[in-house]
>>> print(open('protein.txt').read())   # compact mmCIF, C-alpha atoms
# COMPACT_ATOMS: atom_id res chain seq x y z
CA MET K 1 94.60 -116.85 409.83
CA ALA K 2 96.67 -115.40 412.68
CA LEU K 3 97.01 -112.17 410.68
CA LEU K 4 93.24 -111.99 410.30
CA LEU K 5 92.72 -112.49 414.03
CA LEU K 6 95.33 -109.84 414.77
CA PHE K 7 93.55 -107.46 412.37
CA LEU K 8 90.17 -108.15 414.02
CA LEU K 9 91.68 -107.62 417.47
CA LEU K 10 93.14 -104.31 416.29
CA VAL K 11 89.74 -103.20 414.89
CA VAL K 12 87.97 -104.17 418.13
CA CYS K 13 90.57 -102.27 420.17
CA LEU K 14 90.18 -99.20 417.97
CA PHE K 15 86.38 -99.26 418.38
CA TRP K 16 86.76 -99.69 422.12
CA LEU K 17 89.25 -96.83 422.35
CA GLY K 18 87.03 -94.65 420.15
CA GLY K 19 84.11 -95.31 422.45
CA GLN K 20 86.21 -94.47 425.49
CA VAL K 21 87.46 -91.24 423.92
CA GLY K 22 83.89 -90.27 422.99
CA HIS K 23 82.72 -91.05 426.51
CA LEU K 24 85.55 -88.98 428.00
CA ALA K 25 84.73 -86.07 425.68
CA GLN K 26 81.09 -86.27 426.74
CA LEU K 27 82.09 -86.33 430.42
CA GLN K 28 84.39 -83.36 429.90
CA GLY K 29 81.56 -81.38 428.27
CA GLN K 30 79.25 -82.21 431.18
CA GLN K 31 81.92 -81.18 433.68
CA GLU K 32 82.49 -77.89 431.88
CA GLU K 33 78.75 -77.19 431.99
CA GLN K 34 78.66 -78.03 435.70
CA ILE K 35 81.65 -75.76 436.37
CA ALA K 36 79.96 -72.91 434.48
CA GLN K 37 76.76 -73.45 436.50
CA LEU K 38 78.71 -73.51 439.76
CA ARG K 39 80.51 -70.30 438.81
CA ALA K 40 77.19 -68.60 438.06
CA GLN K 41 75.75 -69.84 441.36
CA LEU K 42 78.84 -68.72 443.25
CA ARG K 43 78.66 -65.28 441.67
CA ALA K 44 74.96 -65.06 442.60
CA LEU K 45 75.71 -66.09 446.18
CA THR K 46 78.71 -63.80 446.63
CA PRO K 47 77.64 -60.91 448.85
CA ARG K 48 77.27 -57.75 446.82
CA VAL K 49 78.05 -54.44 448.46
CA THR K 50 78.30 -51.07 446.83
CA GLY K 51 82.06 -51.55 446.66
CA ALA K 52 81.69 -54.95 444.98
CA ALA K 53 84.93 -54.26 443.17
CA GLN K 54 86.73 -55.55 446.23
CA ALA K 55 85.30 -59.01 445.55
CA ARG K 56 87.34 -59.40 442.35
CA PRO K 57 90.88 -58.19 441.74
CA GLY K 58 91.06 -55.52 439.07
CA ALA K 59 87.35 -54.80 439.18
CA GLY K 60 85.73 -51.36 439.27
CA LEU K 61 86.12 -48.52 441.69
CA ALA K 62 84.19 -48.20 444.93
CA PRO K 63 81.53 -45.51 445.15
CA ARG K 64 82.39 -42.03 446.30
CA PRO K 65 82.89 -41.70 450.07
CA GLY K 66 79.72 -41.13 452.04
CA ALA K 67 77.48 -42.89 449.54
CA GLU K 68 74.93 -45.05 451.27
CA ALA K 69 74.96 -48.79 450.73
CA SER K 70 72.46 -49.87 448.11
CA PRO K 71 69.78 -52.42 448.89
CA ALA K 72 69.96 -53.30 445.18
CA LYS K 73 71.93 -56.40 444.29
CA GLY K 74 73.29 -56.76 440.79
CA SER K 75 75.10 -59.46 438.87
CA ILE K 76 76.60 -59.72 435.41
CA LEU K 77 75.66 -63.27 434.42
CA ALA K 78 77.23 -63.26 430.95
CA PRO K 79 79.80 -63.00 429.47
CA ALA K 80 82.13 -64.98 431.70
CA PRO K 81 85.09 -63.27 433.44
CA ARG K 82 88.20 -62.93 431.26
CA GLN K 83 86.22 -64.02 428.18
CA ALA K 84 87.38 -62.66 424.83
CA VAL K 85 84.46 -60.74 423.33
CA PRO K 86 83.92 -59.31 419.82
CA GLU K 87 83.29 -55.62 419.08
CA VAL K 88 79.58 -56.10 419.79
CA PHE K 89 78.77 -58.71 422.41
CA GLY K 90 75.81 -59.94 424.41
CA CYS K 91 75.51 -59.22 428.11
CA THR K 92 73.04 -60.64 430.61
CA VAL K 93 72.51 -58.90 433.94
CA LYS K 94 70.27 -59.31 436.94
CA VAL K 95 69.28 -56.57 439.37
CA GLU K 96 67.32 -57.45 442.48
CA GLN K 97 65.53 -54.81 444.55
CA PRO K 98 66.26 -51.88 442.20
CA ARG K 99 65.57 -48.52 443.77
CA PRO K 100 63.06 -46.50 441.71
CA GLU K 101 64.93 -43.21 442.12
CA TYR K 102 68.19 -44.73 440.76
CA HIS K 103 69.34 -45.79 437.31
CA TYR K 104 71.44 -48.81 436.36
CA TYR K 105 74.07 -48.73 433.63
CA LEU K 106 76.47 -51.08 431.92
CA VAL K 107 79.76 -49.18 431.82
CA LEU K 108 83.02 -50.07 430.09
CA ARG K 109 86.20 -49.05 431.90
CA GLN K 110 89.80 -49.03 430.75
CA GLY K 111 92.06 -47.62 433.43
CA ALA K 112 90.52 -44.29 434.51
CA LYS K 113 88.38 -43.94 431.37
CA TYR K 114 84.68 -44.78 431.47
CA TRP K 115 82.15 -45.21 428.67
CA PRO K 116 78.52 -45.68 429.74
CA ARG K 117 77.14 -48.11 427.19
CA GLN K 118 73.61 -49.12 428.12
CA GLU K 119 71.02 -48.07 430.65
CA VAL K 120 69.63 -51.24 432.20
CA LYS K 121 65.91 -50.63 432.70
CA MET K 122 64.47 -52.76 435.47
CA PRO K 123 60.90 -53.27 436.63
CA PRO K 124 60.30 -52.46 440.34
CA GLY K 125 60.90 -56.05 441.50
CA GLY K 126 64.08 -56.52 439.45
CA ALA K 127 64.68 -58.99 436.66
CA THR K 128 67.23 -60.68 434.44
CA THR K 129 67.72 -58.89 431.13
CA ALA K 130 69.95 -59.27 428.09
CA TRP K 131 71.61 -56.38 426.24
CA GLU K 132 73.94 -55.87 423.31
CA VAL K 133 77.05 -53.86 424.17
CA ARG K 134 79.60 -52.25 421.83
CA ARG K 135 83.23 -52.06 422.96
CA ALA K 136 84.75 -48.61 423.39
CA ALA K 137 88.35 -49.49 422.46
CA ALA K 138 90.63 -52.43 421.73
CA GLY K 139 92.33 -54.36 424.50
CA PRO K 140 91.24 -55.73 427.88
CA PHE K 141 88.59 -53.78 429.76
CA THR K 142 86.27 -54.03 432.74
CA LEU K 143 82.51 -54.32 432.32
CA GLU K 144 80.72 -52.77 435.29
CA LEU K 145 77.10 -52.75 436.38
CA ARG K 146 76.62 -49.43 438.17
CA GLU K 147 73.85 -47.79 440.13
CA VAL K 148 73.75 -44.01 439.65
CA ASP K 149 71.57 -41.30 441.17
CA GLN K 150 69.42 -38.85 439.21
CA ASP K 151 72.16 -36.19 438.89
CA GLN K 152 74.66 -38.72 437.54
CA HIS K 153 71.98 -40.07 435.19
CA GLN K 154 71.51 -36.54 433.79
CA GLN K 155 75.29 -36.18 433.31
CA ILE K 156 75.38 -39.44 431.38
CA ALA K 157 72.41 -38.38 429.22
CA GLN K 158 74.13 -35.06 428.42
CA TRP K 159 77.39 -36.88 427.61
CA ARG K 160 75.52 -39.23 425.25
CA GLN K 161 73.94 -36.30 423.39
CA GLU K 162 77.33 -34.61 423.00
CA ALA K 163 78.88 -37.93 421.89
CA GLU K 164 76.41 -38.14 418.99
CA ALA K 165 77.80 -34.86 417.55
CA GLN K 166 81.48 -35.84 417.80
CA PRO K 167 83.58 -38.91 418.62
CA PRO K 168 82.83 -39.76 422.25
CA PRO K 169 85.48 -38.96 424.81
CA HIS K 170 85.41 -40.88 428.02
CA LEU K 171 83.33 -39.76 431.00
CA GLU K 172 84.01 -39.73 434.71
CA VAL K 173 81.35 -42.00 436.18
CA CYS K 174 80.38 -42.11 439.83
CA GLY K 175 77.79 -44.22 441.54
CA GLY K 176 78.06 -47.62 443.10
CA VAL K 177 79.49 -50.70 441.45
CA LEU K 178 77.07 -53.60 441.82
CA ASP K 179 79.23 -56.03 439.84
CA ALA K 180 82.32 -55.89 437.64
CA LEU K 181 84.36 -58.31 435.56
CA GLN K 182 87.42 -58.22 433.35
CA LEU K 183 87.00 -59.01 429.65
CA ASN K 184 89.43 -59.34 426.77
>>> encode(input="protein.txt", output="structure tokens")
Amino acid sequence: MALLLLFLLLVVCLFWLGGQVGHLAQLQGQQEEQIAQLRAQLRALTPRVTGAAQARPGAGLAPRPGAEASPAKGSILAPAPRQAVPEVFGCTVKVEQPRPEYHYYLVLRQGAKYWPRQEVKMPPGGATTAWEVRRAAAGPFTLELREVDQDQHQQIAQWRQEAEAQPPPHLEVCGGVLDALQLN
């Protein structure tokens, strides 16, 4: 009889512990979601200047000297900083107050090498949009959201046409960095 009571006590304890572990796992999931939301809110609230690279260590380069500050504000909402991404990955960006005479690009950077990957077309009021991006090379890289003028846009278009005929070399990209983050 004592053995049976001991067995029942053990079963009750295991159920109780299982419930506690499940509850803790659920709380941890909720906390991770809250942390991700807070990070996204913090990134959205962080002041964006044309040299936004200064806001994050290892981010993109500042615009060329003499470039005027952009009234456009841009954010890379996904993927998360330092996230490991596959060869083709999803990217969500937001541009507020885009200037009609400028173009917005997602650019991959490794060291001093740049690969414009996607022109981010925005309506006049700005919007949040999702894009699919293909990596340029293996290893860690920086994903940048850049604002470029018409001349730089033409250079990128010419580079893309030449890249279709042969393996694409990198391109020197100017313009202002609206947001940048490191990815693996």
>>> residues_around(input="protein.txt", residues="K:Pro81", least_positions_apart="6", cutoff="8 Å", atoms="only C-alpha atoms", output="list in words")
Leu181, Gln182 and Leu183 of chain K
>>> atom_distance(input="protein.txt", atom1="atom CA of K:Leu5", atom2="atom CA of K:Leu17")
18.1 Å
>>> closest_residue(input="protein.txt", among="K:Gln28, K:Gln118, K:Thr128, K:Thr142", to="K:Ala157", atoms="only C-alpha atoms")
K:Gln118
>>> closest_residue(input="protein.txt", among="K:Leu9, K:Val93, K:Ala130, K:Leu143", to="K:Arg117", atoms="all atoms listed in the file")
K:Leu143
>>> closest_residue(input="protein.txt", among="K:Pro123, K:Pro86, K:Gly19, K:Pro100", to="K:Ala136", atoms="all atoms listed in the file")
K:Pro86
>>> residues_near_point(input="protein.txt", point="(76.6, -56.0, 436.8)", cutoff="12 Å", atoms="only C-alpha atoms", output="PDB file with C-alpha atoms, keeping the file's coordinate frame")
ATOM      1  CA  ARG K  43      78.660 -65.280 441.670  1.00  0.00           C
ATOM      2  CA  ALA K  44      74.960 -65.060 442.600  1.00  0.00           C
ATOM      3  CA  ARG K  48      77.270 -57.750 446.820  1.00  0.00           C
ATOM      4  CA  VAL K  49      78.050 -54.440 448.460  1.00  0.00           C
ATOM      5  CA  THR K  50      78.300 -51.070 446.830  1.00  0.00           C
ATOM      6  CA  ALA K  52      81.690 -54.950 444.980  1.00  0.00           C
ATOM      7  CA  ALA K  53      84.930 -54.260 443.170  1.00  0.00           C
ATOM      8  CA  ALA K  59      87.350 -54.800 439.180  1.00  0.00           C
ATOM      9  CA  GLY K  60      85.730 -51.360 439.270  1.00  0.00           C
ATOM     10  CA  ALA K  72      69.960 -53.300 445.180  1.00  0.00           C
ATOM     11  CA  LYS K  73      71.930 -56.400 444.290  1.00  0.00           C
ATOM     12  CA  GLY K  74      73.290 -56.760 440.790  1.00  0.00           C
ATOM     13  CA  SER K  75      75.100 -59.460 438.870  1.00  0.00           C
ATOM     14  CA  ILE K  76      76.600 -59.720 435.410  1.00  0.00           C
ATOM     15  CA  LEU K  77      75.660 -63.270 434.420  1.00  0.00           C
ATOM     16  CA  ALA K  78      77.230 -63.260 430.950  1.00  0.00           C
ATOM     17  CA  PRO K  79      79.800 -63.000 429.470  1.00  0.00           C
ATOM     18  CA  ALA K  80      82.130 -64.980 431.700  1.00  0.00           C
ATOM     19  CA  PRO K  81      85.090 -63.270 433.440  1.00  0.00           C
ATOM     20  CA  CYS K  91      75.510 -59.220 428.110  1.00  0.00           C
ATOM     21  CA  THR K  92      73.040 -60.640 430.610  1.00  0.00           C
ATOM     22  CA  VAL K  93      72.510 -58.900 433.940  1.00  0.00           C
ATOM     23  CA  LYS K  94      70.270 -59.310 436.940  1.00  0.00           C
ATOM     24  CA  VAL K  95      69.280 -56.570 439.370  1.00  0.00           C
ATOM     25  CA  GLU K  96      67.320 -57.450 442.480  1.00  0.00           C
ATOM     26  CA  TYR K 104      71.440 -48.810 436.360  1.00  0.00           C
ATOM     27  CA  TYR K 105      74.070 -48.730 433.630  1.00  0.00           C
ATOM     28  CA  LEU K 106      76.470 -51.080 431.920  1.00  0.00           C
ATOM     29  CA  VAL K 107      79.760 -49.180 431.820  1.00  0.00           C
ATOM     30  CA  LEU K 108      83.020 -50.070 430.090  1.00  0.00           C
ATOM     31  CA  GLN K 118      73.610 -49.120 428.120  1.00  0.00           C
ATOM     32  CA  GLU K 119      71.020 -48.070 430.650  1.00  0.00           C
ATOM     33  CA  VAL K 120      69.630 -51.240 432.200  1.00  0.00           C
ATOM     34  CA  THR K 128      67.230 -60.680 434.440  1.00  0.00           C
ATOM     35  CA  THR K 129      67.720 -58.890 431.130  1.00  0.00           C
ATOM     36  CA  ALA K 130      69.950 -59.270 428.090  1.00  0.00           C
ATOM     37  CA  TRP K 131      71.610 -56.380 426.240  1.00  0.00           C
ATOM     38  CA  THR K 142      86.270 -54.030 432.740  1.00  0.00           C
ATOM     39  CA  LEU K 143      82.510 -54.320 432.320  1.00  0.00           C
ATOM     40  CA  GLU K 144      80.720 -52.770 435.290  1.00  0.00           C
ATOM     41  CA  LEU K 145      77.100 -52.750 436.380  1.00  0.00           C
ATOM     42  CA  ARG K 146      76.620 -49.430 438.170  1.00  0.00           C
ATOM     43  CA  GLU K 147      73.850 -47.790 440.130  1.00  0.00           C
ATOM     44  CA  GLY K 176      78.060 -47.620 443.100  1.00  0.00           C
ATOM     45  CA  VAL K 177      79.490 -50.700 441.450  1.00  0.00           C
ATOM     46  CA  LEU K 178      77.070 -53.600 441.820  1.00  0.00           C
ATOM     47  CA  ASP K 179      79.230 -56.030 439.840  1.00  0.00           C
ATOM     48  CA  ALA K 180      82.320 -55.890 437.640  1.00  0.00           C
ATOM     49  CA  LEU K 181      84.360 -58.310 435.560  1.00  0.00           C
ATOM     50  CA  GLN K 182      87.420 -58.220 433.350  1.00  0.00           C
TER      51      GLN K 182
END
>>> atom_distance(input="protein.txt", atom1="atom CA of K:Tyr114", atom2="atom CA of K:Leu171")
5.2 Å
>>> atom_distance(input="protein.txt", atom1="atom CA of K:Glu101", atom2="atom CA of K:Gln161")
21.9 Å
>>> residues_around(input="protein.txt", residues="K:Gly139", least_positions_apart="2", cutoff="7 Å", atoms="only C-alpha atoms", output="list in words")
Ala137, Phe141 and Asn184 of chain K
>>> closest_residue(input="protein.txt", among="K:Val133, K:Lys121, K:Tyr102, K:Pro116", to="K:Gly90", atoms="only C-alpha atoms")
K:Val133
>>> residues_around(input="protein.txt", residues="K:His103", least_positions_apart="6", cutoff="7 Å", atoms="all atoms listed in the file", output="list of chain:residue names")
K:Glu147, K:Val148, K:Asp149, K:His153
